[in-house]
$ cat final.txt   # compact mmCIF, C-alpha atoms
# COMPACT_ATOMS: atom_id res chain seq x y z
CA MET W 5 94.90 -28.51 -40.85
CA TYR W 6 91.27 -27.43 -41.19
CA LYS W 7 89.55 -26.24 -38.00
CA ALA W 8 86.02 -25.13 -39.02
CA VAL W 9 83.38 -26.09 -41.59
CA PHE W 10 80.65 -23.87 -43.03
CA SER W 11 77.86 -25.24 -45.18
CA ASP W 12 75.01 -23.96 -47.27
CA PHE W 13 71.68 -25.59 -46.54
CA ASP W 14 69.22 -26.35 -49.34
CA GLY W 15 70.89 -28.12 -52.25
CA THR W 16 74.03 -28.74 -50.19
CA LEU W 17 73.50 -30.05 -46.66
CA LEU W 18 69.95 -31.22 -47.38
CA THR W 19 68.91 -33.75 -50.00
CA SER W 20 66.19 -32.99 -52.54
CA GLU W 21 63.76 -34.39 -49.98
CA HIS W 22 64.92 -31.72 -47.50
CA LYS W 23 66.62 -34.24 -45.22
CA ILE W 24 70.13 -34.78 -43.89
CA SER W 25 71.29 -38.19 -45.07
CA PRO W 26 72.54 -40.67 -42.44
CA LYS W 27 76.00 -40.74 -44.01
CA THR W 28 76.30 -36.94 -44.00
CA GLN W 29 75.03 -36.70 -40.43
CA ALA W 30 77.54 -39.33 -39.28
CA ALA W 31 80.41 -37.45 -40.96
CA ILE W 32 79.39 -34.17 -39.33
CA GLU W 33 78.97 -35.75 -35.90
CA ARG W 34 82.40 -37.34 -36.24
CA ILE W 35 84.17 -34.00 -36.82
CA THR W 36 82.17 -32.07 -34.20
CA ALA W 37 83.10 -34.77 -31.66
CA LYS W 38 86.71 -33.82 -32.39
CA GLY W 39 85.97 -30.17 -31.62
CA ILE W 40 85.62 -29.01 -35.24
CA PRO W 41 82.65 -26.61 -35.42
CA PHE W 42 80.13 -27.19 -38.21
CA VAL W 43 78.02 -24.12 -39.00
CA PRO W 44 74.96 -24.23 -41.29
CA ILE W 45 74.53 -21.05 -43.33
CA SER W 46 71.13 -20.64 -44.93
CA ALA W 47 68.85 -18.18 -46.64
CA ARG W 48 66.15 -19.51 -44.31
CA SER W 49 64.90 -17.90 -41.10
CA PRO W 50 66.11 -19.28 -37.74
CA LYS W 51 62.91 -21.34 -37.37
CA GLY W 52 63.70 -23.07 -40.64
CA ILE W 53 67.24 -23.93 -39.53
CA TRP W 54 67.08 -24.92 -35.84
CA PRO W 55 65.32 -28.30 -36.28
CA TYR W 56 68.22 -29.47 -38.47
CA ALA W 57 70.83 -27.82 -36.23
CA ASP W 58 69.29 -29.65 -33.28
CA GLN W 59 69.47 -32.90 -35.24
CA LEU W 60 73.21 -32.34 -35.73
CA GLY W 61 73.83 -30.91 -32.26
CA VAL W 62 75.58 -27.80 -33.56
CA ASP W 63 75.85 -24.57 -31.55
CA LEU W 64 75.79 -21.79 -34.16
CA ILE W 65 73.54 -20.95 -37.10
CA VAL W 66 73.62 -18.29 -39.79
CA ALA W 67 70.22 -17.19 -41.10
CA PHE W 68 69.11 -14.98 -43.98
CA SER W 69 72.28 -15.69 -45.98
CA GLY W 70 74.45 -13.93 -43.40
CA ALA W 71 72.20 -11.19 -42.03
CA LEU W 72 71.70 -12.89 -38.66
CA ILE W 73 74.01 -15.12 -36.58
CA LEU W 74 72.71 -16.80 -33.42
CA ASN W 75 74.13 -19.19 -30.86
CA ARG W 76 72.22 -22.05 -29.23
CA GLN W 77 71.16 -19.81 -26.35
CA GLY W 78 69.44 -17.50 -28.84
CA GLU W 79 71.96 -14.72 -28.36
CA VAL W 80 72.44 -12.44 -31.36
CA LEU W 81 76.08 -12.44 -32.41
CA TYR W 82 75.60 -10.48 -35.63
CA SER W 83 72.58 -8.70 -37.13
CA VAL W 84 72.24 -6.46 -40.18
CA GLN W 85 68.92 -5.05 -41.41
CA ILE W 86 68.06 -3.43 -44.72
CA ASP W 87 67.74 0.35 -44.41
CA PRO W 88 64.02 1.32 -44.37
CA GLN W 89 64.64 3.88 -47.12
CA ASP W 90 65.97 1.09 -49.33
CA VAL W 91 62.93 -1.06 -48.51
CA ALA W 92 60.68 1.77 -49.71
CA LEU W 93 62.67 2.19 -52.94
CA LEU W 94 62.69 -1.56 -53.56
CA ASN W 95 58.92 -1.69 -53.07
CA ALA W 96 58.56 0.91 -55.83
CA GLU W 97 60.52 -1.36 -58.19
CA PHE W 98 58.39 -4.39 -57.33
CA ILE W 99 55.27 -2.62 -58.67
CA ASP W 100 56.40 -3.44 -62.23
CA PHE W 101 56.42 -7.17 -61.39
CA PRO W 102 52.91 -7.89 -60.02
CA ALA W 103 53.18 -11.66 -60.60
CA LEU W 104 56.16 -11.91 -58.24
CA ALA W 105 55.62 -12.42 -54.51
CA THR W 106 57.66 -10.46 -51.98
CA ASN W 107 58.44 -11.76 -48.49
CA TYR W 108 59.94 -9.63 -45.69
CA TYR W 109 61.91 -11.61 -43.08
CA PHE W 110 62.83 -10.22 -39.65
CA PHE W 111 64.11 -12.64 -37.00
CA ASP W 112 61.42 -15.37 -36.94
CA ASP W 113 58.67 -13.19 -38.42
CA CYS W 114 57.72 -13.15 -42.08
CA VAL W 115 55.24 -10.92 -43.88
CA THR W 116 54.28 -11.51 -47.52
CA ASN W 117 52.50 -9.28 -50.00
CA ASP W 118 50.57 -12.25 -51.46
CA LEU W 119 49.81 -15.15 -49.14
CA GLN W 120 47.89 -17.02 -51.84
CA ASN W 121 50.72 -16.90 -54.38
CA ARG W 122 51.72 -20.45 -55.35
CA TRP W 123 55.40 -19.66 -54.82
CA VAL W 124 54.68 -18.42 -51.30
CA GLN W 125 52.75 -21.61 -50.59
CA TYR W 126 55.72 -23.60 -51.89
CA GLU W 127 58.08 -21.71 -49.55
CA ILE W 128 55.78 -22.38 -46.59
CA GLY W 129 55.65 -26.07 -47.51
CA VAL W 130 59.44 -26.36 -47.63
CA THR W 131 60.41 -24.26 -44.61
CA HIS W 132 57.30 -24.81 -42.43
CA ILE W 133 57.40 -21.22 -41.27
CA GLU W 134 54.32 -19.09 -40.60
CA MET W 135 53.77 -16.18 -42.97
CA LEU W 136 51.38 -13.31 -42.40
CA GLN W 137 49.53 -11.37 -45.09
CA GLY W 138 50.88 -7.85 -45.27
CA GLU W 139 50.05 -4.66 -47.13
CA LYS W 140 51.53 -4.18 -50.57
CA GLY W 141 54.04 -1.35 -50.60
CA LYS W 142 54.34 -1.07 -46.81
CA VAL W 143 57.82 -0.64 -45.38
CA TYR W 144 58.50 -3.58 -43.07
CA PRO W 145 61.67 -4.15 -41.02
CA ALA W 146 63.74 -6.78 -42.81
CA HIS W 147 66.93 -8.76 -42.41
CA LYS W 148 66.12 -10.14 -45.84
CA ILE W 149 63.66 -9.50 -48.64
CA GLN W 150 62.88 -12.54 -50.77
CA VAL W 151 61.24 -12.20 -54.18
CA ILE W 152 59.92 -15.40 -55.75
CA GLY W 153 58.32 -16.27 -59.06
CA GLU W 154 59.02 -17.46 -62.58
CA PRO W 155 62.77 -17.61 -63.38
CA GLU W 156 62.55 -15.29 -66.39
CA GLU W 157 60.98 -12.48 -64.37
CA ILE W 158 63.32 -13.09 -61.44
CA LEU W 159 66.31 -12.66 -63.75
CA GLN W 160 64.86 -9.43 -65.18
CA LEU W 161 64.30 -8.04 -61.69
CA GLU W 162 67.75 -9.14 -60.53
CA ASN W 163 69.46 -7.28 -63.37
CA ARG W 164 67.42 -4.14 -62.74
CA LEU W 165 68.00 -4.12 -58.99
CA LYS W 166 71.74 -4.79 -59.26
CA ALA W 167 72.06 -1.74 -61.50
CA LYS W 168 69.98 0.51 -59.23
CA PHE W 169 71.11 -0.78 -55.81
CA PRO W 170 74.84 -1.55 -56.08
CA HIS W 171 75.20 -1.14 -52.30
CA LEU W 172 72.90 -4.12 -51.63
CA SER W 173 73.62 -7.84 -51.83
CA ILE W 174 71.30 -9.26 -54.50
CA HIS W 175 71.64 -12.92 -55.48
CA ARG W 176 69.53 -15.85 -56.62
CA SER W 177 69.50 -18.75 -54.16
CA LEU W 178 67.49 -20.72 -56.75
CA ASP W 179 66.38 -19.81 -60.26
CA SER W 180 63.02 -18.69 -58.87
CA PHE W 181 64.26 -17.11 -55.61
CA LEU W 182 65.92 -13.69 -55.36
CA GLU W 183 67.48 -12.77 -52.00
CA ILE W 184 68.11 -9.13 -51.07
CA MET W 185 70.19 -8.06 -48.06
CA GLU W 186 72.68 -5.42 -47.02
CA LYS W 187 76.12 -6.08 -48.55
CA SER W 188 77.52 -6.64 -45.07
CA ALA W 189 75.02 -9.50 -44.72
CA SER W 190 76.51 -11.88 -47.26
CA LYS W 191 77.52 -15.47 -46.53
CA GLY W 192 81.13 -14.47 -47.14
CA GLN W 193 80.92 -11.71 -44.51
CA ALA W 194 79.31 -14.18 -42.08
CA VAL W 195 82.20 -16.58 -42.63
CA ARG W 196 84.76 -13.81 -42.04
CA PHE W 197 82.98 -12.85 -38.81
CA LEU W 198 82.84 -16.46 -37.63
CA GLU W 199 86.45 -17.14 -38.52
CA SER W 200 87.36 -14.36 -36.10
CA TYR W 201 84.77 -15.49 -33.53
CA LEU W 202 86.04 -19.09 -33.66
CA ASN W 203 89.68 -17.99 -33.79
CA VAL W 204 90.48 -19.77 -37.05
CA THR W 205 92.22 -18.39 -40.11
CA THR W 206 90.78 -18.28 -43.60
CA GLU W 207 93.14 -21.07 -44.64
CA GLN W 208 91.84 -23.28 -41.82
CA ALA W 209 88.19 -23.14 -42.94
CA VAL W 210 86.18 -25.33 -45.31
CA ALA W 211 82.91 -24.31 -46.99
CA PHE W 212 80.34 -26.13 -49.12
CA GLY W 213 77.88 -24.50 -51.51
CA ASP W 214 75.76 -25.04 -54.58
CA ASN W 215 74.60 -21.67 -55.88
CA PHE W 216 75.44 -18.06 -56.67
CA ASN W 217 74.71 -16.74 -53.17
CA ASP W 218 77.40 -19.15 -51.91
CA LEU W 219 80.16 -17.76 -54.11
CA ASP W 220 81.70 -15.24 -51.72
CA MET W 221 81.59 -17.86 -48.96
CA LEU W 222 83.52 -20.34 -51.09
CA GLU W 223 86.05 -17.62 -51.86
CA ASN W 224 86.65 -16.76 -48.18
CA VAL W 225 87.91 -20.14 -46.97
CA GLY W 226 90.96 -22.29 -47.50
CA LEU W 227 88.92 -25.05 -49.17
CA GLY W 228 85.79 -24.00 -51.08
CA VAL W 229 83.82 -27.01 -52.27
CA ALA W 230 81.05 -26.88 -54.87
CA MET W 231 78.41 -29.57 -55.08
CA ALA W 232 78.01 -31.52 -58.34
CA ASN W 233 74.51 -30.01 -58.65
CA ALA W 234 75.93 -26.46 -58.64
CA PRO W 235 75.95 -24.26 -61.77
CA GLU W 236 79.12 -24.53 -63.86
CA ALA W 237 80.20 -21.01 -62.85
CA ILE W 238 80.19 -21.99 -59.17
CA LYS W 239 82.09 -25.21 -59.87
CA ALA W 240 84.70 -23.24 -61.80
CA ALA W 241 85.19 -20.80 -58.90
CA ALA W 242 85.52 -23.50 -56.21
CA ASN W 243 88.74 -25.22 -55.17
CA ARG W 244 87.16 -28.58 -55.83
CA VAL W 245 83.87 -30.25 -56.76
CA THR W 246 82.29 -33.05 -54.78
CA ALA W 247 79.29 -35.32 -55.39
CA SER W 248 75.77 -33.89 -55.33
CA ASN W 249 73.62 -33.24 -52.27
CA ASN W 250 71.78 -36.49 -53.04
CA GLU W 251 75.05 -38.45 -53.14
CA ASP W 252 76.57 -37.47 -49.78
CA GLY W 253 78.91 -34.89 -51.29
CA ILE W 254 79.65 -33.28 -47.91
CA ALA W 255 80.40 -36.61 -46.25
CA LEU W 256 82.84 -37.61 -48.99
CA VAL W 257 84.97 -34.51 -48.42
CA LEU W 258 84.73 -34.47 -44.62
CA ASN W 259 85.76 -38.11 -44.40
CA GLU W 260 88.74 -37.36 -46.62
CA VAL W 261 90.08 -34.13 -45.08
CA PHE W 262 89.32 -35.03 -41.45
CA GLU W 263 90.72 -38.57 -41.35

$ encode --input "final.txt" --output "structure tokens"
Amino acid sequence: MYKAVFSDFDGTLLTSEHKISPKTQAAIERITAKGIPFVPISARSPKGIWPYADQLGVDLIVAFSGALILNRQGEVLYSVQIDPQDVALLNAEFIDFPALATNYYFFDDCVTNDLQNRWVQYEIGVTHIEMLQGEKGKVYPAHKIQVIGEPEEILQLENRLKAKFPHLSIHRSLDSFLEIMEKSASKGQAVRFLESYLNVTTEQAVAFGDNFNDLDMLENVGLGVAMANAPEAIKAAANRVTASNNEDGIALVLNEVFE
């Protein structure tokens, strides 16, 4: 019997219009009423998650792809920051990619190296968070560093950074978004922490995801479910595939496994 559910956010819980569908909300409310915790796990900052968590009435959120876990009272249950020395070394690598924007997230604060960059403006439009213009090359405290830009350059940077920083977690959340955290700040690590916190076993947990930064989360539960809109590699790694985020994929599985 499954006793906890973890879900990615954009592309999984939310539709393409960045909303929770009525059918998905009803399915989540039905299981939480039975005492089954539903935990959203997102690359977003807490401010970008809480409005949706409030809509669902859930008590825990995971921000920055696992770097920060908070309860409804705002208490920090888990927090991992990138080492400042690594931030400085990463900044040196970013110099070769001037068209890419770099955002430094720390709790609810975000500093960007290029506030006018169209990708930064897109991120602000989607998440509705406030970003401040920072100094290029400055070492800022960070739970997460996000690099955004054209997919081709993002892939080049990803390959370079993975080779030079094997001790960091470096994954694309979207083709144009590269997320950098400490390795202990992955979604999979967050799920392992919460399984212990909630007193459930790996086999008793369900997780939903749609992209590469969800992979270790899907692998650390009893039932890892990929959305139909996920890349083929993620679908192949999951235990099963459900409908897309625009077709109530989460609701279909929840209504089946929690009858």

$ axis_aligned_box --input "final.txt" --around "stretch 66-72 of chain W" --padding-each-side "3 Å" --output "JSON"
{"center_x": 71.8, "center_y": -14.7, "center_z": -42.3, "size_x": 11.3, "size_y": 13.1, "size_z": 13.3}

$ residues_around --input "final.txt" --residues "stretch 99-110 of chain W" --least-positions-apart "6" --cutoff "7 Å" --atoms "all atoms listed in the file" --output "VMD selection string"
chain W and resid 116 to 118 121 124 144 to 153

$ closest_residue --input "final.txt" --among "W:Glu183, W:Val225, W:Leu17, W:Val62" --to "W:Glu199" --atoms "only C-alpha atoms"
W:Val225

$ closest_residue --input "final.txt" --among "W:Asn217, W:Arg122, W:Phe212, W:Glu21" --to "W:Val229" --atoms "only C-alpha atoms"
W:Phe212

$ atom_distance --input "final.txt" --atom1 "atom CA of W:Phe197" --atom2 "atom CA of W:Met231"
23.8 Å

$ atom_distance --input "final.txt" --atom1 "atom CA of W:Lys140" --atom2 "atom CA of W:Leu94"
11.8 Å

$ closest_atom_pairs --input "final.txt" --of "stretch 30-92 of chain W" --to "stretch 5-10 of chain W" --cutoff "9 Å" --atoms "all atoms listed in the file" --output "CSV"
residue,atom,partner,partner_atom,distance
W:Gly39,CA,W:Lys7,CA,8.3
W:Ile40,CA,W:Ala8,CA,5.4
W:Pro41,CA,W:Ala8,CA,5.1
W:Phe42,CA,W:Val9,CA,4.8
W:Val43,CA,W:Phe10,CA,4.8
W:Pro44,CA,W:Phe10,CA,6.0
W:Ile45,CA,W:Phe10,CA,6.7

$ residues_around --input "final.txt" --residues "W:Leu136" --least-positions-apart "4" --cutoff "8 Å" --atoms "all atoms listed in the file" --output "ChimeraX atom specification"
/W:114-116,119

$ closest_residue --input "final.txt" --among "W:Leu256, W:Met221, W:Leu202, W:Ile86" --to "W:Ser173" --atoms "only C-alpha atoms"
W:Ile86

$ residues_around --input "final.txt" --residues "W:Thr19" --least-positions-apart "4" --cutoff "9 Å" --atoms "all atoms listed in the file" --output "PyMOL selection string"
chain W and resi 14-15+23-25+248-252

$ residues_around --input "final.txt" --residues "W:Leu159" --least-positions-apart "3" --cutoff "12 Å" --atoms "all atoms listed in the file" --output "ChimeraX atom specification"
/W:101,104,151-156,162-166,174-183

$ atom_distance --input "final.txt" --atom1 "atom CA of W:Thr206" --atom2 "atom CA of W:Gly226"
5.6 Å

$ decode --input "final.txt" --residues "stretch 39-58 of chain W" --atoms "N, CA, C and O atoms" --output "PDB file, in the first residue's frame"
ATOM      1  N   GLY W  39      -5.211  11.051   4.691  1.00  0.00           N
ATOM      2  CA  GLY W  39      -3.973  11.058   5.446  1.00  0.00           C
ATOM      3  C   GLY W  39      -2.738  10.737   4.639  1.00  0.00           C
ATOM      4  O   GLY W  39      -1.655  10.530   5.204  1.00  0.00           O
ATOM      5  N   ILE W  40      -2.868  10.690   3.300  1.00  0.00           N
ATOM      6  CA  ILE W  40      -1.716  10.435   2.425  1.00  0.00           C
ATOM      7  C   ILE W  40      -1.071  11.779   2.083  1.00  0.00           C
ATOM      8  O   ILE W  40      -1.685  12.614   1.423  1.00  0.00           O
ATOM      9  N   PRO W  41       0.157  12.044   2.526  1.00  0.00           N
ATOM     10  CA  PRO W  41       0.779  13.331   2.218  1.00  0.00           C
ATOM     11  C   PRO W  41       1.111  13.459   0.732  1.00  0.00           C
ATOM     12  O   PRO W  41       1.568  12.495   0.101  1.00  0.00           O
ATOM     13  N   PHE W  42       0.861  14.635   0.179  1.00  0.00           N
ATOM     14  CA  PHE W  42       1.235  14.965  -1.193  1.00  0.00           C
ATOM     15  C   PHE W  42       2.230  16.115  -1.110  1.00  0.00           C
ATOM     16  O   PHE W  42       1.923  17.168  -0.557  1.00  0.00           O
ATOM     17  N   VAL W  43       3.443  15.902  -1.641  1.00  0.00           N
ATOM     18  CA  VAL W  43       4.515  16.882  -1.502  1.00  0.00           C
ATOM     19  C   VAL W  43       4.979  17.364  -2.877  1.00  0.00           C
ATOM     20  O   VAL W  43       5.525  16.582  -3.666  1.00  0.00           O
ATOM     21  N   PRO W  44       4.762  18.643  -3.199  1.00  0.00           N
ATOM     22  CA  PRO W  44       5.290  19.188  -4.454  1.00  0.00           C
ATOM     23  C   PRO W  44       6.794  19.422  -4.351  1.00  0.00           C
ATOM     24  O   PRO W  44       7.279  19.952  -3.343  1.00  0.00           O
ATOM     25  N   ILE W  45       7.514  19.007  -5.383  1.00  0.00           N
ATOM     26  CA  ILE W  45       8.975  19.155  -5.422  1.00  0.00           C
ATOM     27  C   ILE W  45       9.319  19.917  -6.697  1.00  0.00           C
ATOM     28  O   ILE W  45       9.096  19.437  -7.806  1.00  0.00           O
ATOM     29  N   SER W  46       9.867  21.109  -6.524  1.00  0.00           N
ATOM     30  CA  SER W  46      10.041  21.996  -7.665  1.00  0.00           C
ATOM     31  C   SER W  46      11.431  22.604  -7.709  1.00  0.00           C
ATOM     32  O   SER W  46      12.114  22.721  -6.690  1.00  0.00           O
ATOM     33  N   ALA W  47      11.824  23.020  -8.906  1.00  0.00           N
ATOM     34  CA  ALA W  47      13.042  23.813  -9.065  1.00  0.00           C
ATOM     35  C   ALA W  47      12.801  25.265  -8.661  1.00  0.00           C
ATOM     36  O   ALA W  47      13.742  26.042  -8.528  1.00  0.00           O
ATOM     37  N   ARG W  48      11.540  25.617  -8.450  1.00  0.00           N
ATOM     38  CA  ARG W  48      11.195  26.995  -8.095  1.00  0.00           C
ATOM     39  C   ARG W  48      11.627  27.344  -6.666  1.00  0.00           C
ATOM     40  O   ARG W  48      11.940  26.478  -5.863  1.00  0.00           O
ATOM     41  N   SER W  49      11.577  28.654  -6.371  1.00  0.00           N
ATOM     42  CA  SER W  49      11.785  29.133  -5.007  1.00  0.00           C
ATOM     43  C   SER W  49      10.510  28.916  -4.206  1.00  0.00           C
ATOM     44  O   SER W  49       9.438  28.658  -4.773  1.00  0.00           O
ATOM     45  N   PRO W  50      10.580  29.023  -2.871  1.00  0.00           N
ATOM     46  CA  PRO W  50       9.360  28.846  -2.063  1.00  0.00           C
ATOM     47  C   PRO W  50       8.210  29.759  -2.496  1.00  0.00           C
ATOM     48  O   PRO W  50       7.055  29.331  -2.517  1.00  0.00           O
ATOM     49  N   LYS W  51       8.520  31.017  -2.832  1.00  0.00           N
ATOM     50  CA  LYS W  51       7.464  31.948  -3.242  1.00  0.00           C
ATOM     51  C   LYS W  51       6.727  31.471  -4.488  1.00  0.00           C
ATOM     52  O   LYS W  51       5.554  31.784  -4.680  1.00  0.00           O
ATOM     53  N   GLY W  52       7.422  30.734  -5.332  1.00  0.00           N
ATOM     54  CA  GLY W  52       6.802  30.231  -6.551  1.00  0.00           C
ATOM     55  C   GLY W  52       5.996  28.962  -6.332  1.00  0.00           C
ATOM     56  O   GLY W  52       5.270  28.525  -7.237  1.00  0.00           O
ATOM     57  N   ILE W  53       6.126  28.364  -5.148  1.00  0.00           N
ATOM     58  CA  ILE W  53       5.443  27.105  -4.850  1.00  0.00           C
ATOM     59  C   ILE W  53       4.245  27.293  -3.926  1.00  0.00           C
ATOM     60  O   ILE W  53       3.189  26.689  -4.126  1.00  0.00           O
ATOM     61  N   TRP W  54       4.380  28.155  -2.895  1.00  0.00           N
ATOM     62  CA  TRP W  54       3.365  28.231  -1.851  1.00  0.00           C
ATOM     63  C   TRP W  54       1.964  28.567  -2.353  1.00  0.00           C
ATOM     64  O   TRP W  54       0.977  28.005  -1.831  1.00  0.00           O
ATOM     65  N   PRO W  55       1.776  29.436  -3.353  1.00  0.00           N
ATOM     66  CA  PRO W  55       0.393  29.683  -3.798  1.00  0.00           C
ATOM     67  C   PRO W  55      -0.321  28.411  -4.258  1.00  0.00           C
ATOM     68  O   PRO W  55      -1.521  28.230  -3.991  1.00  0.00           O
ATOM     69  N   TYR W  56       0.399  27.524  -4.923  1.00  0.00           N
ATOM     70  CA  TYR W  56      -0.189  26.261  -5.376  1.00  0.00           C
ATOM     71  C   TYR W  56      -0.352  25.290  -4.203  1.00  0.00           C
ATOM     72  O   TYR W  56      -1.346  24.562  -4.126  1.00  0.00           O
ATOM     73  N   ALA W  57       0.636  25.285  -3.296  1.00  0.00           N
ATOM     74  CA  ALA W  57       0.532  24.426  -2.111  1.00  0.00           C
ATOM     75  C   ALA W  57      -0.664  24.843  -1.259  1.00  0.00           C
ATOM     76  O   ALA W  57      -1.383  23.991  -0.715  1.00  0.00           O
ATOM     77  N   ASP W  58      -0.883  26.157  -1.152  1.00  0.00           N
ATOM     78  CA  ASP W  58      -2.046  26.653  -0.417  1.00  0.00           C
ATOM     79  C   ASP W  58      -3.343  26.220  -1.097  1.00  0.00           C
ATOM     80  O   ASP W  58      -4.327  25.872  -0.429  1.00  0.00           O
TER      81      ASP W  58
END
